[in-house]
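Below is the file run_39.csv, which contains CSV, C-alpha atoms and all ligand atoms.
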```csv
chain,number,residue,atom,x,y,z
A,1,MET,CA,-8.2,19.7,14.0
A,2,ILE,CA,-10.0,19.8,10.7
A,3,PRO,CA,-13.7,19.5,11.5
A,4,PRO,CA,-16.3,17.7,9.3
A,5,GLY,CA,-17.6,20.0,6.6
A,6,GLU,CA,-14.1,20.9,5.5
A,7,THR,CA,-12.5,19.7,2.2
A,8,ILE,CA,-9.9,16.9,2.1
A,9,GLY,CA,-7.7,16.7,-1.0
A,10,ILE,CA,-6.6,13.3,-2.2
A,11,LEU,CA,-3.8,12.9,-4.7
A,12,GLY,CA,-4.5,9.8,-6.9
A,13,GLY,CA,-7.7,8.7,-8.5
A,14,GLY,CA,-7.9,4.9,-8.0
A,15,GLN,CA,-9.8,2.5,-5.8
A,16,LEU,CA,-7.9,3.4,-2.6
A,17,GLY,CA,-8.9,7.1,-3.1
A,18,ARG,CA,-12.5,6.0,-3.9
A,19,MET,CA,-12.7,4.0,-0.6
A,20,MET,CA,-11.1,6.9,1.3
A,21,ALA,CA,-13.5,9.3,-0.2
A,22,MET,CA,-16.5,7.2,0.8
A,23,ALA,CA,-15.2,7.0,4.4
A,24,ALA,CA,-14.6,10.8,4.4
A,25,ALA,CA,-18.1,11.5,3.1
A,26,ARG,CA,-19.6,9.3,5.9
A,27,LEU,CA,-17.8,11.6,8.4
A,28,GLY,CA,-19.3,14.7,6.7
A,29,TYR,CA,-16.2,15.9,4.8
A,30,ARG,CA,-16.1,17.0,1.2
A,31,VAL,CA,-13.4,15.3,-1.0
A,32,HIS,CA,-11.5,16.9,-3.8
A,33,ILE,CA,-9.6,14.3,-6.0
A,34,TYR,CA,-6.5,15.3,-7.9
A,35,ALA,CA,-5.5,12.8,-10.6
A,36,PRO,CA,-4.1,12.8,-14.1
A,37,GLU,CA,-6.5,10.3,-15.6
A,38,PRO,CA,-9.8,11.7,-16.8
A,39,ASP,CA,-11.8,8.5,-15.9
A,40,SER,CA,-10.9,8.6,-12.2
A,41,ILE,CA,-13.0,6.1,-10.2
A,42,ALA,CA,-12.3,8.1,-7.0
A,43,ALA,CA,-13.6,11.3,-8.6
A,44,GLU,CA,-16.9,9.6,-9.3
A,45,VAL,CA,-17.7,9.5,-5.6
A,46,ALA,CA,-16.1,12.9,-4.7
A,47,ALA,CA,-17.4,16.4,-4.5
A,48,GLN,CA,-14.7,17.9,-6.8
A,49,PHE,CA,-12.1,16.7,-9.3
A,50,THR,CA,-9.0,18.3,-10.7
A,51,CYS,CA,-7.8,16.4,-13.7
A,52,ALA,CA,-4.2,17.5,-14.1
A,53,ALA,CA,-0.7,16.2,-14.3
A,54,TYR,CA,1.2,15.8,-11.0
A,55,ASP,CA,3.8,18.3,-12.1
A,56,ASP,CA,1.3,21.0,-13.1
A,57,THR,CA,2.2,23.2,-10.2
A,58,ALA,CA,-0.5,25.9,-11.1
A,59,ALA,CA,-3.2,23.2,-10.9
A,60,MET,CA,-1.7,21.8,-7.7
A,61,ALA,CA,-1.7,25.3,-6.1
A,62,ARG,CA,-5.4,25.9,-7.0
A,63,PHE,CA,-6.3,22.4,-5.7
A,64,ALA,CA,-4.5,23.2,-2.4
A,65,ALA,CA,-6.3,26.5,-2.0
A,66,ASP,CA,-9.6,24.5,-1.9
A,67,CYS,CA,-8.4,21.9,0.7
A,68,ALA,CA,-7.9,22.1,4.4
A,69,VAL,CA,-5.5,19.1,4.2
A,70,VAL,CA,-4.1,17.0,1.4
A,71,THR,CA,-3.4,13.3,1.6
A,72,PHE,CA,-2.6,10.6,-1.1
A,73,GLU,CA,-3.7,7.2,-2.2
A,74,PHE,CA,-0.8,6.8,-4.8
A,75,GLU,CA,2.7,6.7,-3.4
A,76,ASN,CA,4.5,7.5,-6.7
A,77,VAL,CA,3.3,11.1,-6.8
A,78,PRO,CA,6.5,13.1,-7.7
A,79,VAL,CA,7.6,14.9,-4.6
A,80,GLY,CA,9.1,18.1,-6.1
A,81,PRO,CA,5.8,19.6,-7.4
A,82,LEU,CA,4.2,19.1,-3.9
A,83,ALA,CA,5.9,22.3,-2.8
A,84,ALA,CA,3.0,24.0,-4.8
A,85,LEU,CA,0.7,22.9,-2.0
A,86,GLY,CA,2.1,25.8,0.0
A,87,ALA,CA,0.6,26.2,3.4
A,88,THR,CA,-1.9,23.4,3.0
A,89,PRO,CA,-0.6,20.5,5.1
A,90,LEU,CA,0.3,17.2,3.4
A,91,LEU,CA,-0.2,14.1,5.5
A,92,PRO,CA,1.6,11.8,5.6
A,93,ASN,CA,4.5,14.2,4.9
A,94,ALA,CA,6.6,14.3,1.8
A,95,ARG,CA,9.5,12.5,3.4
A,96,CYS,CA,7.3,9.4,3.9
A,97,LEU,CA,6.8,9.4,0.1
A,98,GLU,CA,10.5,9.9,-0.6
A,99,VAL,CA,11.6,7.0,1.5
A,100,ALA,CA,8.9,4.6,0.2
A,101,GLN,CA,9.3,5.6,-3.5
A,102,ASP,CA,12.7,4.1,-3.8
A,103,ARG,CA,13.3,0.5,-2.8
A,104,LEU,CA,17.0,1.2,-2.1
A,105,SER,CA,16.3,4.2,0.3
A,106,GLU,CA,13.4,2.3,1.9
A,107,LYS,CA,15.4,-0.8,2.7
A,108,THR,CA,18.5,1.2,3.8
A,109,PHE,CA,16.2,3.3,6.1
A,110,VAL,CA,14.5,0.3,7.6
A,111,ARG,CA,17.8,-1.5,8.2
A,112,GLY,CA,19.0,1.7,9.9
A,113,LEU,CA,16.1,1.3,12.3
A,114,GLY,CA,17.1,-2.3,13.1
A,115,GLY,CA,14.8,-4.1,10.6
A,116,THR,CA,15.9,-7.0,8.6
A,117,PRO,CA,15.2,-6.8,4.8
A,118,ALA,CA,16.4,-9.5,2.4
A,119,PRO,CA,20.1,-8.9,1.5
A,120,PHE,CA,20.2,-6.2,-1.2
A,121,MET,CA,22.6,-4.2,-3.5
A,122,ALA,CA,22.0,-1.3,-5.8
A,123,VAL,CA,22.4,-2.2,-9.5
A,124,ASP,CA,23.0,0.3,-12.2
A,125,ASN,CA,24.7,-1.8,-14.9
A,126,ALA,CA,25.7,-5.3,-15.9
A,127,SER,CA,28.9,-5.4,-13.8
A,128,ASP,CA,27.0,-4.2,-10.7
A,129,LEU,CA,24.6,-7.1,-11.3
A,130,ALA,CA,27.3,-9.7,-11.7
A,131,ARG,CA,28.9,-8.4,-8.4
A,132,ALA,CA,25.5,-8.5,-6.6
A,133,VAL,CA,24.8,-12.0,-7.8
A,134,ALA,CA,28.3,-13.1,-6.7
A,135,GLU,CA,28.0,-11.5,-3.3
A,136,ILE,CA,24.3,-12.2,-2.4
A,137,GLY,CA,24.0,-15.5,-4.4
A,138,VAL,CA,21.1,-17.0,-6.3
A,139,PRO,CA,18.2,-17.3,-6.6
A,140,GLY,CA,17.4,-13.6,-6.4
A,141,ILE,CA,15.1,-11.0,-7.7
A,142,LEU,CA,16.1,-7.9,-9.7
A,143,LYS,CA,13.6,-5.1,-9.2
A,144,THR,CA,13.3,-1.5,-10.5
A,145,ARG,CA,14.0,0.8,-7.6
A,146,ARG,CA,11.0,3.0,-8.5
A,147,ASP,CA,7.5,2.6,-9.9
A,148,GLY,CA,7.2,-1.2,-9.5
A,149,TYR,CA,4.0,-2.6,-8.1
A,150,ASP,CA,2.1,-5.9,-8.2
A,151,GLY,CA,5.2,-7.7,-9.2
A,152,LYS,CA,5.8,-5.4,-12.2
A,153,GLY,CA,9.4,-4.4,-12.9
A,154,GLN,CA,10.8,-7.6,-11.4
A,155,TRP,CA,13.0,-10.4,-12.8
A,156,ARG,CA,13.8,-13.7,-11.1
A,157,ILE,CA,17.5,-14.6,-11.4
A,158,ALA,CA,18.2,-18.3,-11.1
A,159,SER,CA,21.9,-18.3,-12.0
A,160,ALA,CA,24.8,-16.1,-12.8
A,161,ALA,CA,24.3,-17.1,-16.5
A,162,ASP,CA,20.7,-15.8,-16.2
A,163,ALA,CA,22.0,-12.5,-14.9
A,164,ALA,CA,24.6,-12.2,-17.7
A,165,THR,CA,22.1,-12.7,-20.5
A,166,LEU,CA,19.5,-10.3,-19.0
A,167,ASP,CA,18.8,-7.2,-21.1
A,168,LEU,CA,18.9,-4.6,-18.2
A,169,PRO,CA,16.3,-1.9,-18.3
A,170,ALA,CA,17.9,1.6,-18.3
A,171,GLN,CA,16.9,2.6,-14.9
A,172,PRO,CA,18.2,2.2,-11.3
A,173,LEU,CA,17.7,-1.3,-10.0
A,174,ILE,CA,18.1,-3.3,-6.9
A,175,TYR,CA,19.1,-7.0,-6.5
A,176,GLU,CA,17.6,-8.9,-3.6
A,177,GLY,CA,18.3,-12.3,-2.3
A,178,PHE,CA,15.3,-14.6,-2.6
A,179,VAL,CA,13.7,-15.2,0.8
A,180,ARG,CA,12.4,-18.7,1.4
A,181,PHE,CA,9.4,-17.7,3.4
A,182,ALA,CA,6.6,-19.8,4.8
A,183,ASP,CA,4.0,-17.0,4.7
A,184,GLU,CA,3.6,-13.4,3.9
A,185,PHE,CA,1.8,-10.9,6.2
A,186,SER,CA,1.4,-7.2,6.7
A,187,VAL,CA,1.3,-4.9,9.6
A,188,ILE,CA,-1.2,-2.1,9.1
A,189,LEU,CA,-1.1,0.8,11.6
A,190,VAL,CA,-2.6,4.2,12.0
A,191,ARG,CA,-0.7,7.0,13.7
A,192,GLY,CA,-2.7,9.9,14.8
A,193,ALA,CA,-1.7,13.6,14.7
A,194,ASN,CA,-0.9,13.3,18.5
A,195,GLY,CA,1.4,10.3,17.9
A,196,GLU,CA,-1.0,7.6,19.1
A,197,VAL,CA,-0.5,4.3,17.2
A,198,LYS,CA,-3.1,1.6,16.7
A,199,PHE,CA,-2.6,-1.7,14.8
A,200,TRP,CA,-5.2,-3.9,13.0
A,201,ASP,CA,-4.8,-7.6,13.2
A,202,SER,CA,-2.2,-8.9,10.8
A,203,GLY,CA,-3.6,-11.0,8.0
A,204,ARG,CA,-2.0,-13.8,6.0
A,205,ASN,CA,-1.4,-12.5,2.5
A,206,VAL,CA,-1.4,-14.9,-0.4
A,207,HIS,CA,0.0,-13.6,-3.7
A,208,ILE,CA,-0.5,-15.1,-7.1
A,209,GLY,CA,1.8,-13.9,-9.9
A,210,GLY,CA,3.0,-11.1,-7.7
A,211,ILE,CA,-0.5,-9.8,-7.1
A,212,LEU,CA,-2.3,-10.1,-3.8
A,213,ASP,CA,-5.0,-12.7,-4.0
A,214,THR,CA,-6.3,-13.1,-0.5
A,215,THR,CA,-5.8,-11.7,3.0
A,216,THR,CA,-7.1,-13.8,5.9
A,217,VAL,CA,-7.5,-12.8,9.5
A,218,PRO,CA,-6.8,-14.1,12.0
A,219,ALA,CA,-3.6,-15.5,10.6
A,220,SER,CA,-2.1,-18.8,11.6
A,221,GLN,CA,-0.2,-19.2,14.9
A,222,HIS,CA,3.2,-19.1,13.3
A,223,ILE,CA,2.5,-15.7,11.7
A,224,VAL,CA,0.9,-14.4,14.9
A,225,ALA,CA,4.2,-15.3,16.7
A,226,GLN,CA,6.1,-12.9,14.4
A,227,VAL,CA,3.7,-10.0,14.6
A,228,ALA,CA,5.2,-8.4,17.8
A,229,PRO,CA,8.7,-7.7,16.3
A,230,ALA,CA,7.1,-6.7,13.0
A,231,ARG,CA,4.8,-4.2,14.7
A,232,ALA,CA,7.7,-2.8,16.7
A,233,LEU,CA,9.6,-2.1,13.5
A,234,ALA,CA,6.6,-0.6,11.7
A,235,GLN,CA,6.0,1.7,14.7
A,236,ARG,CA,9.7,2.7,14.7
A,237,ILE,CA,9.4,3.5,10.9
A,238,ALA,CA,6.2,5.6,11.5
A,239,GLU,CA,7.8,7.5,14.4
A,240,ALA,CA,11.0,8.1,12.6
A,241,LEU,CA,9.1,9.6,9.7
A,242,ASP,CA,6.7,11.6,12.0
A,243,TYR,CA,4.0,9.7,10.1
A,244,VAL,CA,0.3,10.7,10.3
A,245,GLY,CA,-2.2,8.3,8.7
A,246,VAL,CA,-2.4,4.7,7.8
A,247,MET,CA,0.8,2.9,6.9
A,248,ALA,CA,1.4,-0.7,5.8
A,249,ALA,CA,4.5,-2.8,6.1
A,250,GLU,CA,4.8,-6.1,4.3
A,251,PHE,CA,6.8,-9.0,5.8
A,252,PHE,CA,7.9,-12.5,5.0
A,253,ALA,CA,7.5,-14.9,7.9
A,254,THR,CA,10.6,-17.1,8.1
A,255,PRO,CA,12.1,-19.5,10.6
A,256,SER,CA,14.5,-16.7,11.7
A,257,GLY,CA,11.8,-14.1,12.2
A,258,PRO,CA,10.1,-11.5,10.1
A,259,ILE,CA,11.9,-10.2,7.0
A,260,PHE,CA,10.8,-6.7,5.9
A,261,ASN,CA,9.8,-6.6,2.3
A,262,GLU,CA,8.3,-3.1,1.7
A,263,MET,CA,6.2,-0.4,3.1
A,264,ALA,CA,3.3,1.5,1.6
A,265,PRO,CA,2.8,5.1,2.9
A,266,ARG,CA,-1.0,4.7,2.5
A,267,VAL,CA,-4.0,2.5,3.0
A,268,HIS,CA,-3.3,-1.0,1.7
A,269,ASN,CA,-5.0,-3.8,-0.3
A,270,SER,CA,-4.3,-6.2,2.6
A,271,GLY,CA,-6.4,-3.9,4.8
A,272,HIS,CA,-9.6,-4.0,2.8
A,273,TRP,CA,-11.1,-6.6,5.1
A,274,THR,CA,-11.2,-3.9,7.8
A,275,ILE,CA,-14.3,-2.2,6.1
A,276,GLU,CA,-16.6,-4.9,7.4
A,277,GLY,CA,-14.2,-6.9,9.7
A,278,ALA,CA,-12.9,-4.3,12.1
A,279,LEU,CA,-14.6,-1.8,14.4
A,280,THR,CA,-13.1,1.1,12.4
A,281,SER,CA,-11.8,0.6,8.8
A,282,GLN,CA,-8.3,1.6,7.6
A,283,PHE,CA,-10.0,4.2,5.4
A,284,GLU,CA,-12.0,5.8,8.2
A,285,ASN,CA,-9.0,5.9,10.5
A,286,HIS,CA,-6.8,7.4,7.8
A,287,ILE,CA,-9.3,10.2,7.4
A,288,ARG,CA,-9.6,10.6,11.2
A,289,ALA,CA,-5.8,10.8,11.5
A,290,VAL,CA,-5.1,13.3,8.8
A,291,CYS,CA,-8.0,15.5,10.1
A,292,GLY,CA,-6.6,15.3,13.7
A,293,LEU,CA,-9.8,13.5,15.0
A,294,PRO,CA,-9.6,10.8,17.7
A,295,LEU,CA,-8.9,7.4,16.2
A,296,GLY,CA,-11.5,4.6,16.2
A,297,LEU,CA,-10.9,1.1,17.6
A,298,THR,CA,-9.0,-1.2,15.3
A,299,THR,CA,-10.2,-4.4,17.0
A,300,LEU,CA,-11.8,-7.3,15.0
A,301,ALA,CA,-15.5,-6.9,14.9
A,302,VAL,CA,-16.0,-10.6,13.9
A,303,LYS,CA,-14.3,-13.9,14.5
A,304,GLY,CA,-12.5,-13.6,11.2
A,305,ALA,CA,-12.5,-12.3,7.6
A,306,THR,CA,-11.2,-13.2,4.2
A,307,MET,CA,-10.7,-10.6,1.5
A,308,GLN,CA,-10.4,-11.9,-2.0
A,309,ASN,CA,-9.4,-9.6,-4.9
A,310,LEU,CA,-11.4,-9.7,-8.1
A,311,ILE,CA,-8.7,-9.4,-10.7
A,312,GLY,CA,-9.4,-8.8,-14.4
A,313,ASP,CA,-12.3,-11.0,-15.7
A,314,ASP,CA,-13.0,-12.2,-12.1
A,315,ALA,CA,-15.2,-9.1,-11.8
A,316,HIS,CA,-17.6,-10.5,-14.3
A,317,ASP,CA,-18.5,-13.2,-11.8
A,318,TRP,CA,-20.2,-10.7,-9.5
A,319,PRO,CA,-23.6,-12.5,-9.9
A,320,ALA,CA,-22.0,-15.6,-8.4
A,321,VAL,CA,-20.5,-13.6,-5.6
A,322,LEU,CA,-23.9,-12.1,-4.8
A,323,ALA,CA,-25.5,-15.5,-4.9
A,324,ASP,CA,-24.0,-16.1,-1.5
A,325,PRO,CA,-25.9,-13.6,0.6
A,326,ALA,CA,-23.1,-13.6,3.2
A,327,ASN,CA,-20.5,-12.1,0.8
A,328,HIS,CA,-19.7,-8.4,0.8
A,329,LEU,CA,-19.1,-7.3,-2.8
A,330,HIS,CA,-17.0,-4.2,-3.7
A,331,LEU,CA,-16.7,-3.2,-7.3
A,332,TYR,CA,-14.5,-0.2,-8.1
A,333,GLY,CA,-16.3,0.9,-11.2
A,334,LYS,CA,-13.4,0.4,-13.6
A,335,ALA,CA,-14.5,0.3,-17.2
A,336,ALA,CA,-12.2,-2.3,-18.7
A,337,ALA,CA,-11.3,-5.6,-17.0
A,338,ARG,CA,-7.7,-5.9,-18.2
A,339,PRO,CA,-5.7,-8.9,-17.0
A,340,GLY,CA,-4.0,-8.2,-13.7
A,341,ARG,CA,-6.1,-5.2,-13.0
A,342,LYS,CA,-7.7,-4.9,-9.6
A,343,MET,CA,-11.5,-4.6,-10.3
A,344,GLY,CA,-13.0,-5.2,-6.9
A,345,HIS,CA,-12.9,-7.4,-3.9
A,346,VAL,CA,-15.1,-9.7,-1.9
A,347,THR,CA,-15.0,-10.0,1.9
A,348,ARG,CA,-16.4,-13.0,3.7
A,349,LEU,CA,-16.8,-12.8,7.4
A,350,THR,CA,-16.7,-15.5,10.0
A,351,LEU,CA,-19.3,-14.5,12.6
A,401,LIG,P1,7.0,-6.6,-4.1
A,401,LIG,O1,6.6,-5.8,-5.3
A,401,LIG,O2,8.5,-6.3,-3.7
A,401,LIG,O3,6.1,-6.6,-2.9
A,401,LIG,O4,7.0,-8.1,-4.6
A,401,LIG,C1,5.8,-8.8,-4.9
A,401,LIG,C2,5.8,-10.2,-4.4
A,401,LIG,O5,7.0,-10.9,-4.9
A,401,LIG,C3,6.0,-10.3,-2.9
A,401,LIG,O6,4.8,-10.2,-2.2
A,401,LIG,C4,6.6,-11.8,-2.8
A,401,LIG,O7,5.6,-12.7,-2.9
A,401,LIG,C5,7.5,-11.8,-4.0
A,401,LIG,N1,8.9,-11.4,-3.6
A,401,LIG,C6,9.3,-10.1,-3.6
A,401,LIG,N2,10.6,-10.0,-3.2
A,401,LIG,C7,10.9,-11.2,-2.8
A,401,LIG,C8,12.1,-11.8,-2.2
A,401,LIG,N3,13.2,-11.0,-2.0
A,401,LIG,N4,12.1,-13.1,-1.9
A,401,LIG,C9,11.1,-13.9,-2.2
A,401,LIG,N5,9.9,-13.4,-2.7
A,401,LIG,C10,9.8,-12.1,-3.0
```

So, in terms of structure tokens, how does the structure I just supplied come out?
Amino acid sequence: MIPPGETIGILGGGQLGRMMAMAAARLGYRVHIYAPEPDSIAAEVAAQFTCAAYDDTAAMARFAADCAVVTFEFENVPVGPLAALGATPLLPNARCLEVAQDRLSEKTFVRGLGGTPAPFMAVDNASDLARAVAEIGVPGILKTRRDGYDGKGQWRIASAADAATLDLPAQPLIYEGFVRFADEFSVILVRGANGEVKFWDSGRNVHIGGILDTTTVPASQHIVAQVAPARALAQRIAEALDYVGVMAAEFFATPSGPIFNEMAPRVHNSGHWTIEGALTSQFENHIRAVCGLPLGLTTLAVKGATMQNLIGDDAHDWPAVLADPANHLHLYGKAAARPGRKMGHVTRLTL
């Protein structure tokens, strides 16, 4: 157990780290952020900041020496240099990162646990793509195996001709059949150091242009009906990885049941509503889990909640958000409101 007063290291300097750091501070911990970008919005609310590249093993070792435990808010941290953390525990462990960083290993792993992802095939060149399109069919989506997020690194393929004319990026890819889903939802769980697992309510996620727009709890009945098998799969994933902390798994709700899309080995945007809407937020329970503290209740604290992301210029509308005194405004302190950039979110509760 790591008691309050100790230092928690967080790899990654964005809004997830910022909200984790605030939850940790409330429990009396010091937070040390490690991130390559000098203008880290997580470092602004933390006690200490190491600004260094993820492969700077000397900086990583110094950082680890200051921390009782290290966790992460960014799942694309390169795994090799994490050996420099030495005896300081990394939670969730590095295997969780490895599995989640590569869409091919993630989907293969989940299928091995009895989950159902969209049909998929690895693509390394044009002939692989032609074969995948012939076998899986169209429409489909070609994705980079690594480093994709918010719909980046994805190409819709409507026909074999589309596939043949595509200028393939020079990196490992995966082709997936297009899932005709009615809705999207996520399962967010926390697994404690002792193996205890708790789930938050699954919200309905609406994406616009590949970016999460809103999450609403409670979800409609037809999503709720798919939550049990989705939770069972997410729990099998967490147990197989000996996961400690908050994990999210995204699903498509289809007439034949939940189709696994992807997992995030971290707190998740679709769980931001838990800050005001649940008895314990995803951020606080993540901190509790990695410190070996008892987990807090994940139950809804209200009748319902809707989280809306403020993307790009949306953030400039904050006066209008505050004009409704029932809104909970979160701004992440990012300097430039670039298109597609997550600048903040608003949570509206149903009391
Ligand atoms: P991802 O980065 O894989 O989460 O994809 C971002 C969004 O694109 C998802 O939330 C879906 O809305 C959509 N999408 C991704 N993969 C598929 C698929 N195989 N079939 C249909 N829609 C998809």

Protein and nucleic acid residues within 9 Å of ligand LIG 401 (chain A) (all atoms listed in the file) as a VMD selection string
chain A and resid 103 117 to 120 139 to 143 148 to 154 175 to 181 183 to 185 205 to 212 250 to 252 261 to 263

Store the residues picked out above in a file with C-alpha atoms, as a PDB file, in the coordinates of the input.
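Output (part24.pdb):
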```
ATOM      1  CA  ARG A 103      13.300   0.500  -2.800  1.00  0.00           C
ATOM      2  CA  PRO A 117      15.200  -6.800   4.800  1.00  0.00           C
ATOM      3  CA  ALA A 118      16.400  -9.500   2.400  1.00  0.00           C
ATOM      4  CA  PRO A 119      20.100  -8.900   1.500  1.00  0.00           C
ATOM      5  CA  PHE A 120      20.200  -6.200  -1.200  1.00  0.00           C
ATOM      6  CA  PRO A 139      18.200 -17.300  -6.600  1.00  0.00           C
ATOM      7  CA  GLY A 140      17.400 -13.600  -6.400  1.00  0.00           C
ATOM      8  CA  ILE A 141      15.100 -11.000  -7.700  1.00  0.00           C
ATOM      9  CA  LEU A 142      16.100  -7.900  -9.700  1.00  0.00           C
ATOM     10  CA  LYS A 143      13.600  -5.100  -9.200  1.00  0.00           C
ATOM     11  CA  GLY A 148       7.200  -1.200  -9.500  1.00  0.00           C
ATOM     12  CA  TYR A 149       4.000  -2.600  -8.100  1.00  0.00           C
ATOM     13  CA  ASP A 150       2.100  -5.900  -8.200  1.00  0.00           C
ATOM     14  CA  GLY A 151       5.200  -7.700  -9.200  1.00  0.00           C
ATOM     15  CA  LYS A 152       5.800  -5.400 -12.200  1.00  0.00           C
ATOM     16  CA  GLY A 153       9.400  -4.400 -12.900  1.00  0.00           C
ATOM     17  CA  GLN A 154      10.800  -7.600 -11.400  1.00  0.00           C
ATOM     18  CA  TYR A 175      19.100  -7.000  -6.500  1.00  0.00           C
ATOM     19  CA  GLU A 176      17.600  -8.900  -3.600  1.00  0.00           C
ATOM     20  CA  GLY A 177      18.300 -12.300  -2.300  1.00  0.00           C
ATOM     21  CA  PHE A 178      15.300 -14.600  -2.600  1.00  0.00           C
ATOM     22  CA  VAL A 179      13.700 -15.200   0.800  1.00  0.00           C
ATOM     23  CA  ARG A 180      12.400 -18.700   1.400  1.00  0.00           C
ATOM     24  CA  PHE A 181       9.400 -17.700   3.400  1.00  0.00           C
ATOM     25  CA  ASP A 183       4.000 -17.000   4.700  1.00  0.00           C
ATOM     26  CA  GLU A 184       3.600 -13.400   3.900  1.00  0.00           C
ATOM     27  CA  PHE A 185       1.800 -10.900   6.200  1.00  0.00           C
ATOM     28  CA  ASN A 205      -1.400 -12.500   2.500  1.00  0.00           C
ATOM     29  CA  VAL A 206      -1.400 -14.900  -0.400  1.00  0.00           C
ATOM     30  CA  HIS A 207       0.000 -13.600  -3.700  1.00  0.00           C
ATOM     31  CA  ILE A 208      -0.500 -15.100  -7.100  1.00  0.00           C
ATOM     32  CA  GLY A 209       1.800 -13.900  -9.900  1.00  0.00           C
ATOM     33  CA  GLY A 210       3.000 -11.100  -7.700  1.00  0.00           C
ATOM     34  CA  ILE A 211      -0.500  -9.800  -7.100  1.00  0.00           C
ATOM     35  CA  LEU A 212      -2.300 -10.100  -3.800  1.00  0.00           C
ATOM     36  CA  GLU A 250       4.800  -6.100   4.300  1.00  0.00           C
ATOM     37  CA  PHE A 251       6.800  -9.000   5.800  1.00  0.00           C
ATOM     38  CA  PHE A 252       7.900 -12.500   5.000  1.00  0.00           C
ATOM     39  CA  ASN A 261       9.800  -6.600   2.300  1.00  0.00           C
ATOM     40  CA  GLU A 262       8.300  -3.100   1.700  1.00  0.00           C
ATOM     41  CA  MET A 263       6.200  -0.400   3.100  1.00  0.00           C
TER      42      MET A 263
END
```

What does the distance between CA of Ala52 (chain A) and CA of Glu37 (chain A) come to in Å, to one decimal place?
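Result for CA of Ala52 (chain A) versus CA of Glu37 (chain A): 7.7 Å, one decimal.
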
List as a ChimeraX atom specification the protein and nucleic acid residues near Phe199 (chain A), meaning an atom at most 10 Å away when all atoms listed in the file are counted, but skip any in the same chain fewer than 5 places from it.
/A:187-191,231,234-235,246-248,282,297-299

Between CA of Leu351 (chain A) and CA of His328 (chain A), distance in Å (one decimal)
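Distance between the two atoms: 13.3 Å.
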
Which residues are near region 12-24 of chain A? Cut-off 9 Å, all atoms listed in the file, ignore same chain within fewer than 4 positions. Put them as a short mmCIF file (atom, residue, chain, number, x, y, z; two decimals) with C-alpha atoms, keeping the file's coordinate frame.
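Writing the result to around_29.cif gives the following:
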```cif
data_model
loop_
_atom_site.label_atom_id
_atom_site.label_comp_id
_atom_site.auth_asym_id
_atom_site.auth_seq_id
_atom_site.Cartn_x
_atom_site.Cartn_y
_atom_site.Cartn_z
CA PRO A 4 -16.30 17.70 9.30
CA ILE A 8 -9.90 16.90 2.10
CA GLY A 28 -19.30 14.70 6.70
CA TYR A 29 -16.20 15.90 4.80
CA ARG A 30 -16.10 17.00 1.20
CA VAL A 31 -13.40 15.30 -1.00
CA HIS A 32 -11.50 16.90 -3.80
CA ILE A 33 -9.60 14.30 -6.00
CA TYR A 34 -6.50 15.30 -7.90
CA ALA A 35 -5.50 12.80 -10.60
CA PRO A 36 -4.10 12.80 -14.10
CA GLU A 37 -6.50 10.30 -15.60
CA ASP A 39 -11.80 8.50 -15.90
CA SER A 40 -10.90 8.60 -12.20
CA ILE A 41 -13.00 6.10 -10.20
CA ALA A 42 -12.30 8.10 -7.00
CA ALA A 43 -13.60 11.30 -8.60
CA GLU A 44 -16.90 9.60 -9.30
CA VAL A 45 -17.70 9.50 -5.60
CA ALA A 46 -16.10 12.90 -4.70
CA PHE A 72 -2.60 10.60 -1.10
CA GLU A 73 -3.70 7.20 -2.20
CA PHE A 74 -0.80 6.80 -4.80
CA GLU A 75 2.70 6.70 -3.40
CA VAL A 77 3.30 11.10 -6.80
CA ARG A 266 -1.00 4.70 2.50
CA VAL A 267 -4.00 2.50 3.00
CA HIS A 268 -3.30 -1.00 1.70
CA ASN A 269 -5.00 -3.80 -0.30
CA SER A 281 -11.80 0.60 8.80
CA GLN A 282 -8.30 1.60 7.60
CA PHE A 283 -10.00 4.20 5.40
CA GLU A 284 -12.00 5.80 8.20
CA ASN A 285 -9.00 5.90 10.50
CA HIS A 286 -6.80 7.40 7.80
CA ILE A 287 -9.30 10.20 7.40
CA ARG A 288 -9.60 10.60 11.20
CA TYR A 332 -14.50 -0.20 -8.10
CA GLY A 333 -16.30 0.90 -11.20
CA LYS A 334 -13.40 0.40 -13.60
CA LYS A 342 -7.70 -4.90 -9.60
CA MET A 343 -11.50 -4.60 -10.30
CA GLY A 344 -13.00 -5.20 -6.90
#
```

So that I can check the surroundings of Ala336 (chain A), please list as a ChimeraX atom specification every protein, DNA and RNA residue that reaches within 10 Å of it, counting only C-alpha atoms and ignoring chain neighbours fewer than 5 positions away.
/A:312-313,341,343

Please produce a file of those selected residues containing C-alpha atoms, as a short mmCIF file (atom, residue, chain, number, x, y, z; two decimals), in the frame of the given file.
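The resulting file, selection-v1.cif, is reproduced below:
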```
data_model
loop_
_atom_site.label_atom_id
_atom_site.label_comp_id
_atom_site.auth_asym_id
_atom_site.auth_seq_id
_atom_site.Cartn_x
_atom_site.Cartn_y
_atom_site.Cartn_z
CA GLY A 312 -9.40 -8.80 -14.40
CA ASP A 313 -12.30 -11.00 -15.70
CA ARG A 341 -6.10 -5.20 -13.00
CA MET A 343 -11.50 -4.60 -10.30
#
```

Between CA of Thr306 (chain A) and CA of Ala278 (chain A), measure the distance and give it in Å to one decimal.
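Going from CA of Thr306 (chain A) over to CA of Ala278 (chain A), I get 12.0 Å.
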
Give me the residues near Ile237 (chain A) as JSON, numbers by chain, where near means some atom within 12 Å (using only C-alpha atoms) and where sequence neighbours in that chain fewer than 6 positions away do not count.
{"A": [95, 96, 99, 100, 106, 107, 108, 109, 110, 111, 112, 113, 114, 115, 187, 189, 191, 197, 230, 231, 243, 244, 247, 248, 249, 260, 262, 263, 264, 265]}
